[in-house]
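Comments concern the structure below.
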Amino acid sequence: MATKQNKLPMTEAAIAALPAPAKGASRIHRFDGGTGLAVRVFDSGKRTFLYCYTSDDLDSRGMRVERRVALGIEWTKGGGTLAHARDKARELAGKPLESNREKLQRLRAEQQESAKEITVSKLIDRYIHEHAKQKKRSWKEDESRLDQHVRPVWGERKAKDITRADVDALVSPVALGDTEQGIPPRKAEANHRLAVVRKMFSFAVDKGIIDHHPCMRMSAPGGKIPARTRALTTAKELRLFWRMTDKSGPWAREKRHDWPSGTPWEGRGRMSPTVADALRLVLATGCRANEATGLTWSELDLDAAQWLLPGTRSKNKRPNLIPLLPQIVEMLRERRAHSTSEYVFPGKKAAHINDKNMSEALGYACARLQRIGLQPFVTHDLRRTVETGMAAAKVPKEYRDRVLNHVDGSVGGQHYNVHDYADEKREALEKWARRLEIMLKPEQNNVVQLRSAK
């Protein structure tokens, strides 16, 4: 710890004669002359110059506090360093100096002012890396919407200049659509865009980048979206789904297929066998689409006919033991025999397929099958189909919730009940499988014929 000594004559000889302190200590020696110049001696013998002054800050006793400024000059005998340090100390003596606290406050204020000048493009980058990636599993969805719909429009504008009117102009047209150009309203998408923009600006407020939130009290432009109720409940719908996901059928082929120019699915391909298998896994287990697409072989125990979904991949961050029925185990064994990837459903351009691949495949098929009365459905509707089918098979709600890995909000469910319900879930899925099998059996006078997806 540094201690003060009597003032020294300002000479090279006086500095050279200063003894080194004990190991781990240093000592400060002030010079005569009123310049505030001092020298610090370290246990190694090294000597550096300081400028000492009395600040306006008061300590706990009401005494003014002494401050020190390192001059960045190390003493060398005969090197002119003493004269250089003396000149620098005299220069500082004529200037008002900040205390460390004042300097820190100034630097923080300067950083905040600098942050307020950043562009929306820079704000997007900070939001994704400092917030979304750290706290949101769906951060890629945020990144995609911001990159596609916000960065091209506001990217070069300063974040602090974005107004409420700018936000409204960004999201309202999406909710309203454009009848003249044939663009339908997309109310849910408009709400999603407002939500991610709102979250980004909330992050900006928290970081001191902006002072006023442009989305404050803005209502969702699409209003309250009714809960989806679509499920495949009829034998005809389930048979159509089973045919379109038949790997040996005309819908699940690797060959590319181009729609006529100008049609909604122009340039899209058929349903690949990989996507077809993944869709059947969703229908058999009720898992979420992203849980199926990201499935790895390490999560499966095919001998025990079960799938342990880790908490790192589940929506509620809790692991879920999913029993696998014999038909699914057989399908997975077949895939395993030809697999060279760690993923059960590998992709062509990525490590594994994703939700979009499944959605596009279903969209392609549903668009074609509307001509025979099939109402369009999406991947998540398959999960609702499993829930509905189990309910129709008299499976109690508690066990249906366990199959779907819904959170039990009760105190006992959250803190005390650690039972995995493996037997109950297997029985529930077996009841659903039997019901599905019955509905898939073609009736003699009610066979659904599908033409090749040309």
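Just so we're on the same page: first chain in the structure tokens is A, next is B, and so on; residues restart at 1 for each chain, and ligands are numbered from 1 in the order they show up.
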
Exercise. What's the 10 Å shell around Val171 of chain A, counting only C-alpha atoms, without same-chain residues fewer than 6 positions away, as a ChimeraX atom specification?
Worked result: /A:149,186-187,189-194,197,220-222

Output N, CA and C atoms for every residue in that selection, as a short mmCIF file (atom, residue, chain, number, x, y, z; two decimals), in the first residue's frame.
```cif
data_model
loop_
_atom_site.label_atom_id
_atom_site.label_comp_id
_atom_site.auth_asym_id
_atom_site.auth_seq_id
_atom_site.Cartn_x
_atom_site.Cartn_y
_atom_site.Cartn_z
N HIS A 149 -37.93 -7.35 -43.29
CA HIS A 149 -38.97 -6.33 -43.35
C HIS A 149 -38.62 -5.00 -42.68
N ARG A 186 -52.91 -10.24 -43.84
CA ARG A 186 -52.18 -11.21 -43.02
C ARG A 186 -52.10 -10.65 -41.61
N LYS A 187 -53.19 -10.81 -40.90
CA LYS A 187 -53.31 -10.17 -39.59
C LYS A 187 -52.33 -10.76 -38.58
N GLU A 189 -49.44 -12.15 -39.15
CA GLU A 189 -48.08 -11.72 -39.48
C GLU A 189 -47.86 -10.27 -39.07
N ALA A 190 -48.88 -9.43 -39.28
CA ALA A 190 -48.76 -8.02 -38.87
C ALA A 190 -48.54 -7.93 -37.36
N ASN A 191 -49.24 -8.74 -36.61
CA ASN A 191 -49.07 -8.74 -35.15
C ASN A 191 -47.67 -9.21 -34.77
N HIS A 192 -47.17 -10.21 -35.47
CA HIS A 192 -45.82 -10.71 -35.18
C HIS A 192 -44.77 -9.64 -35.47
N ARG A 193 -44.94 -8.91 -36.56
CA ARG A 193 -43.96 -7.86 -36.89
C ARG A 193 -43.97 -6.74 -35.86
N LEU A 194 -45.17 -6.35 -35.43
CA LEU A 194 -45.23 -5.32 -34.39
C LEU A 194 -44.57 -5.83 -33.11
N VAL A 197 -40.74 -5.65 -33.41
CA VAL A 197 -40.30 -4.25 -33.42
C VAL A 197 -40.45 -3.65 -32.03
N ALA A 220 -52.37 -4.17 -31.48
CA ALA A 220 -52.01 -5.11 -32.54
C ALA A 220 -52.82 -4.78 -33.78
N PRO A 221 -52.18 -4.54 -34.91
CA PRO A 221 -52.90 -4.12 -36.12
C PRO A 221 -53.87 -5.17 -36.63
N GLY A 222 -53.58 -6.43 -36.34
CA GLY A 222 -54.47 -7.49 -36.80
C GLY A 222 -55.56 -7.85 -35.82
#
```

For this session: Can you list, as an MDAnalysis selection string, all residues belonging to segment 24-177 of chain A that DSSP tags as alpha helix (DSSP H)?
Result: chainID A and resid 81:93 100:115 120:127 133:135 139:145 151:154 164:176

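In terms of minimum interatomic distance to Ala165 of chain A, A:Met218 ranks closest within A:Leu374, A:Thr179, A:Met218, A:Thr35, counting only C-alpha atoms.
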
For this session: Enumerate as an MDAnalysis selection string all residues of segment 318-351 of chain A assigned to strand (DSSP E) by DSSP on the backbone, naming them with the chain letters and numbers the document uses.
Result: chainID A and resid 320:323

Prev. selection, N, CA and C atoms, output as an mmCIF file, in the first residue's frame:
```
data_model
loop_
_atom_site.group_PDB
_atom_site.id
_atom_site.type_symbol
_atom_site.label_atom_id
_atom_site.label_comp_id
_atom_site.auth_asym_id
_atom_site.auth_seq_id
_atom_site.Cartn_x
_atom_site.Cartn_y
_atom_site.Cartn_z
ATOM 1 N N ASN A 320 -38.972 -34.535 -22.015
ATOM 2 C CA ASN A 320 -40.212 -35.279 -22.208
ATOM 3 C C ASN A 320 -39.881 -36.652 -22.760
ATOM 4 N N LEU A 321 -40.328 -37.679 -22.054
ATOM 5 C CA LEU A 321 -40.153 -39.052 -22.505
ATOM 6 C C LEU A 321 -41.328 -39.414 -23.395
ATOM 7 N N ILE A 322 -41.056 -39.705 -24.681
ATOM 8 C CA ILE A 322 -42.107 -39.960 -25.664
ATOM 9 C C ILE A 322 -42.043 -41.420 -26.094
ATOM 10 N N PRO A 323 -43.053 -42.233 -25.753
ATOM 11 C CA PRO A 323 -43.078 -43.621 -26.218
ATOM 12 C C PRO A 323 -43.247 -43.669 -27.732
#
```

Exercise. Any idea what's packed within 7 Å of Leu50 of chain A, counting only C-alpha atoms, ignoring anything in its chain fewer than 3 positions away? Could you give it as a list in words?
Worked result: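 Result of the neighbour search: Leu37, Ala38, Val39, Arg68, Val69, Ala70 and Leu71 of chain A.
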
Take the residues from that selection and write them out as a short mmCIF file (atom, residue, chain, number, x, y, z; two decimals), in the first residue's frame, keeping N, CA and C atoms.
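Contents of selection.cif, freshly written:
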```
data_model
loop_
_atom_site.label_atom_id
_atom_site.label_comp_id
_atom_site.auth_asym_id
_atom_site.auth_seq_id
_atom_site.Cartn_x
_atom_site.Cartn_y
_atom_site.Cartn_z
N LEU A 37 4.21 17.60 -8.28
CA LEU A 37 4.91 16.45 -8.83
C LEU A 37 5.30 15.49 -7.71
N ALA A 38 5.18 14.18 -8.00
CA ALA A 38 5.55 13.13 -7.04
C ALA A 38 6.13 11.96 -7.82
N VAL A 39 6.82 11.09 -7.10
CA VAL A 39 7.38 9.90 -7.71
C VAL A 39 6.93 8.70 -6.87
N ARG A 68 -4.73 11.71 -7.65
CA ARG A 68 -3.44 11.50 -8.31
C ARG A 68 -3.68 11.14 -9.77
N VAL A 69 -2.83 11.65 -10.64
CA VAL A 69 -2.89 11.37 -12.07
C VAL A 69 -1.54 10.80 -12.50
N ALA A 70 -1.54 9.59 -13.01
CA ALA A 70 -0.30 9.00 -13.51
C ALA A 70 0.12 9.72 -14.79
N LEU A 71 1.35 10.15 -14.84
CA LEU A 71 1.84 10.90 -16.00
C LEU A 71 2.34 9.99 -17.11
#
```

Exercise. Counting only C-alpha atoms, what is within 9 Å of segment 345-356 of chain A, bar same-chain residues fewer than 5 positions away, as an MDAnalysis selection string?
Worked result: chainID A and resid 274:275 277:278 289:290 292:296 335 339 361 379

Problem set entry | Polymer residues at most 8 Å from Ala284 of chain A, only C-alpha atoms, same-chain spacing of 4 or more positions, as a list in words |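 Contacts, in chain order: Arg280, Leu325, Ile328, Val386, Leu429 and Ala433 of chain A.
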
Take the selection from the previous step and output its residues with N, CA and C atoms, as a PDB file, in the first residue's frame.
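File written: selection24.pdb
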```pdb
ATOM      1  N   ARG A 280     -45.168 -37.832 -40.512  1.00  0.00           N
ATOM      2  CA  ARG A 280     -45.810 -38.987 -39.879  1.00  0.00           C
ATOM      3  C   ARG A 280     -45.406 -39.118 -38.419  1.00  0.00           C
ATOM      4  N   LEU A 325     -44.407 -46.002 -30.974  1.00  0.00           N
ATOM      5  CA  LEU A 325     -45.182 -47.171 -31.357  1.00  0.00           C
ATOM      6  C   LEU A 325     -44.409 -48.005 -32.382  1.00  0.00           C
ATOM      7  N   ILE A 328     -43.653 -46.608 -35.887  1.00  0.00           N
ATOM      8  CA  ILE A 328     -42.663 -45.521 -35.908  1.00  0.00           C
ATOM      9  C   ILE A 328     -41.260 -46.081 -35.687  1.00  0.00           C
ATOM     10  N   VAL A 386     -53.782 -34.989 -32.996  1.00  0.00           N
ATOM     11  CA  VAL A 386     -53.443 -36.010 -32.003  1.00  0.00           C
ATOM     12  C   VAL A 386     -54.213 -35.763 -30.707  1.00  0.00           C
ATOM     13  N   LEU A 429     -51.078 -43.086 -26.523  1.00  0.00           N
ATOM     14  CA  LEU A 429     -50.689 -43.094 -27.935  1.00  0.00           C
ATOM     15  C   LEU A 429     -51.138 -44.378 -28.635  1.00  0.00           C
ATOM     16  N   ALA A 433     -53.296 -44.600 -31.891  1.00  0.00           N
ATOM     17  CA  ALA A 433     -52.841 -45.377 -33.042  1.00  0.00           C
ATOM     18  C   ALA A 433     -53.941 -46.333 -33.522  1.00  0.00           C
TER      19      ALA A 433
END
```
